[in-house]
file target_35.cif (mmCIF, C-alpha atoms)
data_final
loop_
_atom_site.label_atom_id
_atom_site.label_comp_id
_atom_site.auth_asym_id
_atom_site.auth_seq_id
_atom_site.Cartn_x
_atom_site.Cartn_y
_atom_site.Cartn_z
CA MET A 1 145.79 47.66 130.48
CA LYS A 2 142.85 45.94 132.16
CA VAL A 3 139.28 46.30 130.85
CA LEU A 4 136.12 44.99 132.49
CA VAL A 5 133.22 44.41 130.08
CA THR A 6 129.66 44.22 131.40
CA GLY A 7 127.14 42.30 129.32
CA ALA A 8 130.09 40.30 127.98
CA ASN A 9 127.86 37.47 126.74
CA GLY A 10 125.66 39.79 124.69
CA GLN A 11 125.75 40.62 121.01
CA LEU A 12 128.07 43.63 121.36
CA GLY A 13 129.84 42.42 124.51
CA GLN A 14 131.23 39.31 122.83
CA ASP A 15 132.77 41.30 119.99
CA VAL A 16 134.12 43.97 122.34
CA THR A 17 135.75 41.22 124.39
CA ASN A 18 137.24 39.56 121.29
CA VAL A 19 138.50 42.75 119.63
CA LEU A 20 140.14 44.10 122.80
CA ALA A 21 141.68 40.73 123.70
CA GLU A 22 143.21 40.49 120.21
CA ALA A 23 144.66 43.99 120.73
CA GLY A 24 146.44 42.79 123.86
CA TYR A 25 144.17 44.13 126.60
CA GLN A 26 143.59 42.06 129.73
CA ILE A 27 139.84 41.39 129.66
CA ILE A 28 137.47 40.62 132.51
CA GLY A 29 134.23 39.55 130.83
CA CYS A 30 131.22 39.78 133.13
CA GLY A 31 127.88 38.35 132.13
CA ARG A 32 124.81 38.46 134.35
CA ALA A 33 126.01 35.42 136.30
CA GLU A 34 129.27 37.16 137.25
CA LEU A 35 127.88 40.67 137.75
CA ASP A 36 124.29 41.67 138.46
CA ILE A 37 124.57 45.38 137.74
CA THR A 38 121.36 46.12 139.67
CA ASN A 39 123.10 45.08 142.90
CA MET A 40 125.21 48.03 144.07
CA GLU A 41 127.13 46.11 146.74
CA LEU A 42 128.02 43.38 144.24
CA CYS A 43 129.12 45.96 141.65
CA GLU A 44 131.45 47.59 144.16
CA GLN A 45 132.82 44.23 145.27
CA VAL A 46 133.45 42.84 141.76
CA ILE A 47 134.85 46.05 140.31
CA SER A 48 137.13 46.80 143.25
CA SER A 49 138.44 43.22 143.30
CA HIS A 50 139.41 43.33 139.61
CA ASN A 51 140.52 46.99 139.71
CA PRO A 52 140.20 47.65 135.93
CA ASP A 53 141.51 50.75 134.16
CA PHE A 54 138.38 50.88 131.99
CA ILE A 55 134.83 49.55 132.19
CA ILE A 56 132.96 49.11 128.92
CA HIS A 57 129.34 49.01 130.00
CA CYS A 58 127.43 46.96 127.42
CA ALA A 59 124.88 45.39 129.79
CA ALA A 60 121.40 46.80 129.16
CA TYR A 61 117.68 46.17 129.07
CA THR A 62 117.10 46.32 125.29
CA ALA A 63 113.60 44.84 124.87
CA VAL A 64 112.10 48.06 123.50
CA ASP A 65 108.48 46.89 123.35
CA ALA A 66 108.54 44.95 126.63
CA ALA A 67 109.85 48.04 128.42
CA GLU A 68 106.56 49.85 127.73
CA THR A 69 104.87 47.58 130.29
CA ASP A 70 107.96 46.90 132.42
CA THR A 71 108.98 50.41 133.40
CA ASP A 72 110.59 49.32 136.66
CA GLY A 73 112.65 46.64 134.95
CA ALA A 74 113.98 49.01 132.28
CA TYR A 75 114.95 51.73 134.76
CA ARG A 76 116.37 49.23 137.24
CA VAL A 77 118.86 47.94 134.65
CA ASN A 78 119.51 50.93 132.38
CA THR A 79 119.44 53.70 134.97
CA LEU A 80 120.23 52.33 138.43
CA GLY A 81 122.53 49.68 136.95
CA THR A 82 124.52 52.43 135.26
CA ARG A 83 124.61 54.43 138.48
CA ASN A 84 126.05 51.38 140.25
CA ILE A 85 128.74 50.99 137.60
CA ALA A 86 129.56 54.73 137.67
CA VAL A 87 129.84 54.93 141.47
CA SER A 88 131.93 51.75 141.66
CA ALA A 89 134.24 52.96 138.86
CA GLU A 90 134.75 56.34 140.50
CA LYS A 91 135.90 54.71 143.74
CA ILE A 92 138.84 53.05 141.96
CA GLY A 93 139.48 55.80 139.39
CA ALA A 94 138.39 53.77 136.36
CA ALA A 95 137.03 55.37 133.18
CA VAL A 96 133.64 54.16 131.91
CA VAL A 97 132.34 53.71 128.36
CA TYR A 98 128.53 53.63 128.38
CA ILE A 99 126.75 52.29 125.31
CA SER A 100 123.64 54.38 124.65
CA THR A 101 121.12 54.64 121.83
CA ASP A 102 119.49 56.65 119.07
CA TYR A 103 116.22 56.26 121.00
CA VAL A 104 117.17 59.26 123.16
CA PHE A 105 115.84 61.41 120.28
CA ASN A 106 112.23 61.76 119.11
CA GLY A 107 113.05 60.80 115.52
CA THR A 108 111.26 63.72 113.88
CA SER A 109 114.31 65.68 112.70
CA GLU A 110 114.73 66.14 108.96
CA THR A 111 118.51 66.04 109.37
CA ALA A 112 120.93 63.71 111.17
CA TYR A 113 121.21 64.27 114.92
CA VAL A 114 124.46 65.65 116.34
CA GLU A 115 125.62 64.91 119.87
CA TYR A 116 124.48 68.28 121.21
CA ASP A 117 120.93 68.29 119.83
CA ASP A 118 118.14 68.30 122.40
CA THR A 119 117.05 64.84 123.49
CA ASP A 120 113.38 63.87 123.61
CA PRO A 121 112.91 60.11 124.04
CA GLN A 122 109.46 58.77 123.16
CA THR A 123 109.76 55.33 124.77
CA ILE A 124 110.46 53.90 128.21
CA TYR A 125 113.57 52.28 126.79
CA GLY A 126 114.85 55.60 125.44
CA ARG A 127 114.05 57.45 128.66
CA SER A 128 115.77 54.83 130.80
CA LYS A 129 118.90 54.92 128.63
CA LEU A 130 118.99 58.73 128.71
CA ALA A 131 118.64 58.61 132.49
CA GLY A 132 121.60 56.20 132.49
CA GLU A 133 123.62 58.79 130.56
CA GLN A 134 122.83 61.33 133.27
CA MET A 135 123.81 58.93 136.04
CA LEU A 136 127.20 58.46 134.40
CA ARG A 137 127.70 62.22 134.06
CA ASP A 138 126.69 62.75 137.69
CA PHE A 139 128.77 60.08 139.40
CA CYS A 140 131.82 59.43 137.23
CA SER A 141 134.55 61.92 136.33
CA LYS A 142 136.10 60.02 133.38
CA TRP A 143 133.44 58.91 130.92
CA PHE A 144 132.61 58.25 127.31
CA ILE A 145 128.96 58.02 126.24
CA VAL A 146 128.65 56.27 122.88
CA ARG A 147 125.25 56.35 121.19
CA THR A 148 124.76 53.78 118.47
CA SER A 149 121.90 52.41 116.35
CA TRP A 150 120.50 49.39 114.46
CA VAL A 151 123.14 47.02 115.85
CA PHE A 152 123.79 43.62 114.27
CA GLY A 153 126.48 41.03 114.93
CA LEU A 154 127.40 37.36 114.72
CA HIS A 155 126.25 36.59 118.25
CA GLY A 156 122.62 36.62 119.33
CA ASN A 157 119.49 37.61 117.46
CA ASN A 158 119.14 40.70 115.29
CA PHE A 159 117.36 42.13 112.25
CA VAL A 160 119.86 40.75 109.74
CA LYS A 161 119.55 37.18 110.97
CA THR A 162 115.77 37.49 111.10
CA MET A 163 115.61 38.70 107.49
CA LEU A 164 117.94 35.91 106.36
CA ARG A 165 115.62 33.35 107.93
CA LEU A 166 112.39 34.91 106.67
CA GLY A 167 113.86 35.46 103.22
CA GLN A 168 114.36 31.72 102.89
CA GLU A 169 110.98 30.79 104.40
CA LYS A 170 108.40 33.33 103.19
CA PRO A 171 107.11 33.82 99.65
CA GLN A 172 106.49 37.49 100.36
CA LEU A 173 107.97 39.91 102.87
CA LYS A 174 106.84 43.42 103.76
CA VAL A 175 109.43 45.72 105.33
CA VAL A 176 109.02 49.26 106.62
CA ASN A 177 110.28 51.91 104.22
CA ASP A 178 109.52 55.12 106.16
CA GLN A 179 112.03 54.73 109.03
CA LYS A 180 115.61 55.78 108.33
CA GLY A 181 118.75 55.02 110.31
CA SER A 182 122.30 53.69 110.26
CA PRO A 183 122.93 49.94 110.65
CA THR A 184 125.98 49.18 112.81
CA TYR A 185 128.13 46.05 112.71
CA THR A 186 129.24 45.18 116.23
CA VAL A 187 132.82 44.44 115.15
CA ASP A 188 133.13 47.93 113.63
CA LEU A 189 131.71 49.47 116.80
CA ALA A 190 134.05 47.39 118.97
CA GLN A 191 137.01 48.58 116.89
CA PHE A 192 135.91 52.18 117.41
CA LEU A 193 135.70 51.60 121.17
CA LEU A 194 139.20 50.15 121.11
CA ASN A 195 140.48 53.31 119.43
CA LEU A 196 138.48 55.55 121.77
CA ILE A 197 139.84 54.15 125.03
CA SER A 198 143.39 54.71 123.83
CA THR A 199 142.66 58.44 124.14
CA GLU A 200 141.60 60.73 126.95
CA LYS A 201 139.11 62.50 124.69
CA TYR A 202 136.24 61.98 127.10
CA GLY A 203 132.70 62.99 126.25
CA LEU A 204 129.67 62.17 124.14
CA TYR A 205 129.95 60.41 120.77
CA HIS A 206 127.62 59.20 118.05
CA ALA A 207 129.08 56.01 116.57
CA SER A 208 127.26 53.97 113.95
CA ASN A 209 128.36 52.72 110.59
CA SER A 210 128.29 55.75 108.31
CA GLY A 211 125.58 56.40 105.73
CA SER A 212 121.88 55.69 106.20
CA CYS A 213 119.04 53.67 104.75
CA THR A 214 115.48 52.55 105.47
CA TRP A 215 114.71 49.10 106.85
CA TYR A 216 113.45 48.15 103.37
CA GLU A 217 116.68 49.32 101.72
CA PHE A 218 118.67 47.53 104.42
CA THR A 219 116.78 44.30 103.69
CA GLN A 220 117.43 44.65 99.96
CA ALA A 221 121.14 44.90 100.73
CA ILE A 222 120.97 41.95 103.15
CA PHE A 223 119.47 39.74 100.43
CA GLU A 224 122.01 40.90 97.84
CA GLU A 225 124.97 40.22 100.12
CA ALA A 226 123.51 36.90 101.29
CA ARG A 227 123.24 35.66 97.71
CA GLU A 228 126.73 36.87 96.82
CA GLN A 229 128.66 36.03 99.99
CA LEU A 230 126.76 33.06 101.41
CA GLY A 231 125.13 31.60 98.29
CA LEU A 232 121.76 31.57 100.03
CA GLU A 233 118.61 31.08 97.99
CA ILE A 234 116.30 33.95 98.93
CA MET A 235 112.73 33.10 97.99
CA ALA A 236 110.86 36.08 99.39
CA GLU A 237 109.47 38.82 97.19
CA LEU A 238 110.30 42.03 99.02
CA GLN A 239 107.70 44.79 99.30
CA PRO A 240 107.91 48.21 101.02
CA CYS A 241 105.29 49.18 103.60
CA THR A 242 104.59 51.94 106.12
CA THR A 243 105.12 52.05 109.87
CA ALA A 244 101.35 52.35 110.27
CA GLU A 245 100.94 48.87 108.78
CA PHE A 246 103.00 47.37 111.62
CA PRO A 247 102.00 49.09 114.88
CA ARG A 248 104.24 48.28 117.86
CA PRO A 249 103.85 49.01 121.60
CA ALA A 250 106.89 51.34 121.49
CA PRO A 251 106.90 53.97 118.74
CA ARG A 252 109.83 53.75 116.34
CA PRO A 253 111.69 56.91 115.29
CA ALA A 254 111.11 57.98 111.67
CA ASN A 255 114.68 59.28 111.52
CA SER A 256 117.37 57.98 113.85
CA THR A 257 120.35 58.89 111.67
CA MET A 258 123.16 60.35 113.77
CA ASP A 259 125.88 62.69 112.56
CA HIS A 260 129.36 61.88 113.88
CA LEU A 261 130.32 65.42 114.80
CA ALA A 262 132.36 64.47 117.89
CA ILE A 263 134.36 61.87 115.97
CA ARG A 264 135.33 64.53 113.42
CA LEU A 265 136.06 67.22 116.01
CA ASN A 266 138.30 64.87 117.98
CA GLN A 267 140.02 63.67 114.79
CA LEU A 268 139.20 60.02 115.41
CA GLU A 269 138.78 57.38 112.72
CA ASP A 270 135.14 57.06 111.68
CA LEU A 271 133.34 53.76 111.24
CA PRO A 272 133.05 52.30 107.71
CA HIS A 273 129.92 52.69 105.57
CA TRP A 274 127.06 50.43 106.66
CA ARG A 275 127.19 48.54 103.37
CA GLU A 276 130.85 47.67 104.02
CA GLY A 277 129.94 46.58 107.53
CA LEU A 278 127.15 44.37 106.19
CA LYS A 279 129.44 42.77 103.63
CA GLN A 280 132.08 42.03 106.28
CA PHE A 281 129.37 40.57 108.52
CA MET A 282 128.42 38.15 105.73
CA VAL A 283 132.07 37.23 105.13
CA ASP A 284 132.50 36.58 108.85
CA MET A 285 129.28 34.55 108.93
CA LYS A 286 130.61 32.34 106.16
CA GLN A 287 133.40 31.35 108.55
CA HIS A 288 130.85 30.53 111.28
CA PRO A 289 127.76 29.00 109.62
CA GLU A 290 126.62 27.56 112.95
CA LEU A 291 125.78 31.11 114.07
CA TYR A 292 123.19 31.76 111.38
CA LEU A 293 121.84 28.26 110.85
CA LYS A 294 120.42 28.17 114.40
#
call {"tool": "encode", "arguments": {"input": "target_35.cif", "output": "structure tokens"}}
result
Amino acid sequence: MKVLVTGANGQLGQDVTNVLAEAGYQIIGCGRAELDITNMELCEQVISSHNPDFIIHCAAYTAVDAAETDTDGAYRVNTLGTRNIAVSAEKIGAAVVYISTDYVFNGTSETAYVEYDDTDPQTIYGRSKLAGEQMLRDFCSKWFIVRTSWVFGLHGNNFVKTMLRLGQEKPQLKVVNDQKGSPTYTVDLAQFLLNLISTEKYGLYHASNSGSCTWYEFTQAIFEEAREQLGLEIMAELQPCTTAEFPRPAPRPANSTMDHLAIRLNQLEDLPHWREGLKQFMVDMKQHPELYLK
């Protein structure tokens, strides 16, 4: 089975590539240098030449705040880029997995969002990703849309690595305690994608590590696991704060927790609890200290 991965050099793309390769799939990893997804002719050329059975579309414009002043850039990548992938895939009969986001919701729900709740994105990033979902539905007949949240992994920058650095540098650290969501370890998400493409249970899925926490609670857990697993000396005194104390160009959802209704209905294996994912991340980091000492 041949799988083409877009955004293969990114945080999720690298783990998707590794997990699928270990499972015996033939992988074509395409970073920006190999595949500019905003170029339709190039997409058709590259995809038709490799003729994959599946495309896992990880490439995305993910700079949430920058997107507020770069509307064209966000839509060019997240919307038209996804159209180009969908059209090219349809021409060769390939199935597409599109990685989407919790930002398609407005974040005001008091309960976890299920796949079939109404969307209402409040940011350019969220709107461009939702438009990408629609492009995939419109132009591709075999598709999986996988919404995820609060992603962290060994490769690239993320919240966990930032907190590890700041925890060792700052005497005091304030972290938002009124935004709730589900952290997701990229290896756990990649394993779910591996399981998903072995089925023909096409459709829309919410896939994050299970359970939820606030950013403050997440940071508490990060520091606990870092001390236990990595032996790091965390200096910072951790204090909770409100979203209002840290205004950002793009509004953050108060609640981005997603219920995994489609995973249950399709009788697929759910992702582990976020705390298990975090612990495994630390264990994996211990094997690759060069990735967090940068």
call {"tool": "resolve_selection", "arguments": {"input": "target_35.cif", "expression": "the PyMOL selection byres ((chain A and resi 177) around 12)", "output": "PDB file with C-alpha atoms, in the coordinates of the input"}}
result
ATOM      1  CA  LYS A 174     106.840  43.420 103.760  1.00  0.00           C
ATOM      2  CA  VAL A 175     109.430  45.720 105.330  1.00  0.00           C
ATOM      3  CA  VAL A 176     109.020  49.260 106.620  1.00  0.00           C
ATOM      4  CA  ASP A 178     109.520  55.120 106.160  1.00  0.00           C
ATOM      5  CA  GLN A 179     112.030  54.730 109.030  1.00  0.00           C
ATOM      6  CA  LYS A 180     115.610  55.780 108.330  1.00  0.00           C
ATOM      7  CA  GLY A 181     118.750  55.020 110.310  1.00  0.00           C
ATOM      8  CA  CYS A 213     119.040  53.670 104.750  1.00  0.00           C
ATOM      9  CA  THR A 214     115.480  52.550 105.470  1.00  0.00           C
ATOM     10  CA  TRP A 215     114.710  49.100 106.850  1.00  0.00           C
ATOM     11  CA  TYR A 216     113.450  48.150 103.370  1.00  0.00           C
ATOM     12  CA  GLU A 217     116.680  49.320 101.720  1.00  0.00           C
ATOM     13  CA  PHE A 218     118.670  47.530 104.420  1.00  0.00           C
ATOM     14  CA  THR A 219     116.780  44.300 103.690  1.00  0.00           C
ATOM     15  CA  GLN A 220     117.430  44.650  99.960  1.00  0.00           C
ATOM     16  CA  LEU A 238     110.300  42.030  99.020  1.00  0.00           C
ATOM     17  CA  GLN A 239     107.700  44.790  99.300  1.00  0.00           C
ATOM     18  CA  PRO A 240     107.910  48.210 101.020  1.00  0.00           C
ATOM     19  CA  CYS A 241     105.290  49.180 103.600  1.00  0.00           C
ATOM     20  CA  THR A 242     104.590  51.940 106.120  1.00  0.00           C
ATOM     21  CA  THR A 243     105.120  52.050 109.870  1.00  0.00           C
ATOM     22  CA  ALA A 244     101.350  52.350 110.270  1.00  0.00           C
ATOM     23  CA  GLU A 245     100.940  48.870 108.780  1.00  0.00           C
ATOM     24  CA  PHE A 246     103.000  47.370 111.620  1.00  0.00           C
ATOM     25  CA  ALA A 254     111.110  57.980 111.670  1.00  0.00           C
ATOM     26  CA  ASN A 255     114.680  59.280 111.520  1.00  0.00           C
TER      27      ASN A 255
END
call {"tool": "closest_residue", "arguments": {"input": "target_35.cif", "among": "A:Ser49, A:Gln11, A:Asn84, A:Thr148", "to": "Asn209 in chain A", "atoms": "all atoms listed in the file"}}
result
A:Thr148
call {"tool": "closest_residue", "arguments": {"input": "target_35.cif", "among": "A:Gly211, A:Gly24, A:Gly31, A:Gly93", "to": "Ser48 in chain A", "atoms": "only C-alpha atoms"}}
result
A:Gly93
call {"tool": "residues_around", "arguments": {"input": "target_35.cif", "residues": "Gly167 in chain A", "least_positions_apart": "3", "cutoff": "9 Å", "atoms": "only C-alpha atoms", "output": "count of residues only"}}
result
14
call {"tool": "residues_near_point", "arguments": {"input": "target_35.cif", "point": "(138.7, 46.4, 134.7)", "cutoff": "9 Å", "atoms": "only C-alpha atoms", "output": "PDB file with C-alpha atoms, in the coordinates of the input"}}
result
ATOM      1  CA  MET A   1     145.790  47.660 130.480  1.00  0.00           C
ATOM      2  CA  LYS A   2     142.850  45.940 132.160  1.00  0.00           C
ATOM      3  CA  VAL A   3     139.280  46.300 130.850  1.00  0.00           C
ATOM      4  CA  LEU A   4     136.120  44.990 132.490  1.00  0.00           C
ATOM      5  CA  VAL A   5     133.220  44.410 130.080  1.00  0.00           C
ATOM      6  CA  GLN A  26     143.590  42.060 129.730  1.00  0.00           C
ATOM      7  CA  ILE A  27     139.840  41.390 129.660  1.00  0.00           C
ATOM      8  CA  ILE A  28     137.470  40.620 132.510  1.00  0.00           C
ATOM      9  CA  ILE A  47     134.850  46.050 140.310  1.00  0.00           C
ATOM     10  CA  SER A  48     137.130  46.800 143.250  1.00  0.00           C
ATOM     11  CA  HIS A  50     139.410  43.330 139.610  1.00  0.00           C
ATOM     12  CA  ASN A  51     140.520  46.990 139.710  1.00  0.00           C
ATOM     13  CA  PRO A  52     140.200  47.650 135.930  1.00  0.00           C
ATOM     14  CA  ASP A  53     141.510  50.750 134.160  1.00  0.00           C
ATOM     15  CA  PHE A  54     138.380  50.880 131.990  1.00  0.00           C
ATOM     16  CA  ILE A  55     134.830  49.550 132.190  1.00  0.00           C
ATOM     17  CA  ILE A  56     132.960  49.110 128.920  1.00  0.00           C
ATOM     18  CA  ALA A  89     134.240  52.960 138.860  1.00  0.00           C
ATOM     19  CA  ALA A  94     138.390  53.770 136.360  1.00  0.00           C
TER      20      ALA A  94
END
call {"tool": "atom_distance", "arguments": {"input": "target_35.cif", "atom1": "CA of Thr17 in chain A", "atom2": "CA of Ala95 in chain A"}}
result
16.7 Å
call {"tool": "resolve_selection", "arguments": {"input": "target_35.cif", "expression": "the PyMOL selection byres ((chain A and resi 192-205) around 9)", "output": "short mmCIF file (atom, residue, chain, number, x, y, z; two decimals) with C-alpha atoms, in the coordinates of the input"}}
result
data_model
loop_
_atom_site.label_atom_id
_atom_site.label_comp_id
_atom_site.auth_asym_id
_atom_site.auth_seq_id
_atom_site.Cartn_x
_atom_site.Cartn_y
_atom_site.Cartn_z
CA VAL A 16 134.12 43.97 122.34
CA VAL A 19 138.50 42.75 119.63
CA LEU A 20 140.14 44.10 122.80
CA ALA A 23 144.66 43.99 120.73
CA PHE A 54 138.38 50.88 131.99
CA ILE A 56 132.96 49.11 128.92
CA ALA A 95 137.03 55.37 133.18
CA VAL A 97 132.34 53.71 128.36
CA VAL A 114 124.46 65.65 116.34
CA GLU A 115 125.62 64.91 119.87
CA TYR A 116 124.48 68.28 121.21
CA LYS A 142 136.10 60.02 133.38
CA TRP A 143 133.44 58.91 130.92
CA PHE A 144 132.61 58.25 127.31
CA ILE A 145 128.96 58.02 126.24
CA VAL A 146 128.65 56.27 122.88
CA ARG A 147 125.25 56.35 121.19
CA THR A 148 124.76 53.78 118.47
CA VAL A 187 132.82 44.44 115.15
CA ASP A 188 133.13 47.93 113.63
CA LEU A 189 131.71 49.47 116.80
CA ALA A 190 134.05 47.39 118.97
CA GLN A 191 137.01 48.58 116.89
CA HIS A 206 127.62 59.20 118.05
CA ALA A 207 129.08 56.01 116.57
CA HIS A 260 129.36 61.88 113.88
CA LEU A 261 130.32 65.42 114.80
CA ALA A 262 132.36 64.47 117.89
CA ILE A 263 134.36 61.87 115.97
CA ASN A 266 138.30 64.87 117.98
CA LEU A 268 139.20 60.02 115.41
CA GLU A 269 138.78 57.38 112.72
CA ASP A 270 135.14 57.06 111.68
CA LEU A 271 133.34 53.76 111.24
#
call {"tool": "resolve_selection", "arguments": {"input": "target_35.cif", "expression": "the PyMOL selection byres ((chain A and resi 72) around 12)", "output": "PDB file with C-alpha atoms, in the frame of the given file"}}
result
ATOM      1  CA  THR A  38     121.360  46.120 139.670  1.00  0.00           C
ATOM      2  CA  TYR A  61     117.680  46.170 129.070  1.00  0.00           C
ATOM      3  CA  ALA A  66     108.540  44.950 126.630  1.00  0.00           C
ATOM      4  CA  ALA A  67     109.850  48.040 128.420  1.00  0.00           C
ATOM      5  CA  GLU A  68     106.560  49.850 127.730  1.00  0.00           C
ATOM      6  CA  THR A  69     104.870  47.580 130.290  1.00  0.00           C
ATOM      7  CA  ASP A  70     107.960  46.900 132.420  1.00  0.00           C
ATOM      8  CA  THR A  71     108.980  50.410 133.400  1.00  0.00           C
ATOM      9  CA  GLY A  73     112.650  46.640 134.950  1.00  0.00           C
ATOM     10  CA  ALA A  74     113.980  49.010 132.280  1.00  0.00           C
ATOM     11  CA  TYR A  75     114.950  51.730 134.760  1.00  0.00           C
ATOM     12  CA  ARG A  76     116.370  49.230 137.240  1.00  0.00           C
ATOM     13  CA  VAL A  77     118.860  47.940 134.650  1.00  0.00           C
ATOM     14  CA  ASN A  78     119.510  50.930 132.380  1.00  0.00           C
ATOM     15  CA  THR A  79     119.440  53.700 134.970  1.00  0.00           C
ATOM     16  CA  LEU A  80     120.230  52.330 138.430  1.00  0.00           C
ATOM     17  CA  GLY A  81     122.530  49.680 136.950  1.00  0.00           C
ATOM     18  CA  ILE A 124     110.460  53.900 128.210  1.00  0.00           C
ATOM     19  CA  TYR A 125     113.570  52.280 126.790  1.00  0.00           C
ATOM     20  CA  ARG A 127     114.050  57.450 128.660  1.00  0.00           C
ATOM     21  CA  SER A 128     115.770  54.830 130.800  1.00  0.00           C
TER      22      SER A 128
END
call {"tool": "closest_residue", "arguments": {"input": "target_35.cif", "among": "A:Gly29, A:Gly132, A:Pro121, A:Pro183", "to": "Pro251 in chain A", "atoms": "all atoms listed in the file"}}
result
A:Pro121
call {"tool": "atom_distance", "arguments": {"input": "target_35.cif", "atom1": "CA of Arg137 in chain A", "atom2": "CA of Thr101 in chain A"}}
result
15.8 Å
call {"tool": "atom_distance", "arguments": {"input": "target_35.cif", "atom1": "CA of Ala8 in chain A", "atom2": "CA of Met40 in chain A"}}
result
18.5 Å
call {"tool": "closest_residue", "arguments": {"input": "target_35.cif", "among": "A:Leu166, A:Leu154, A:Thr123, A:Gln267", "to": "Phe281 in chain A", "atoms": "only C-alpha atoms"}}
result
A:Leu154
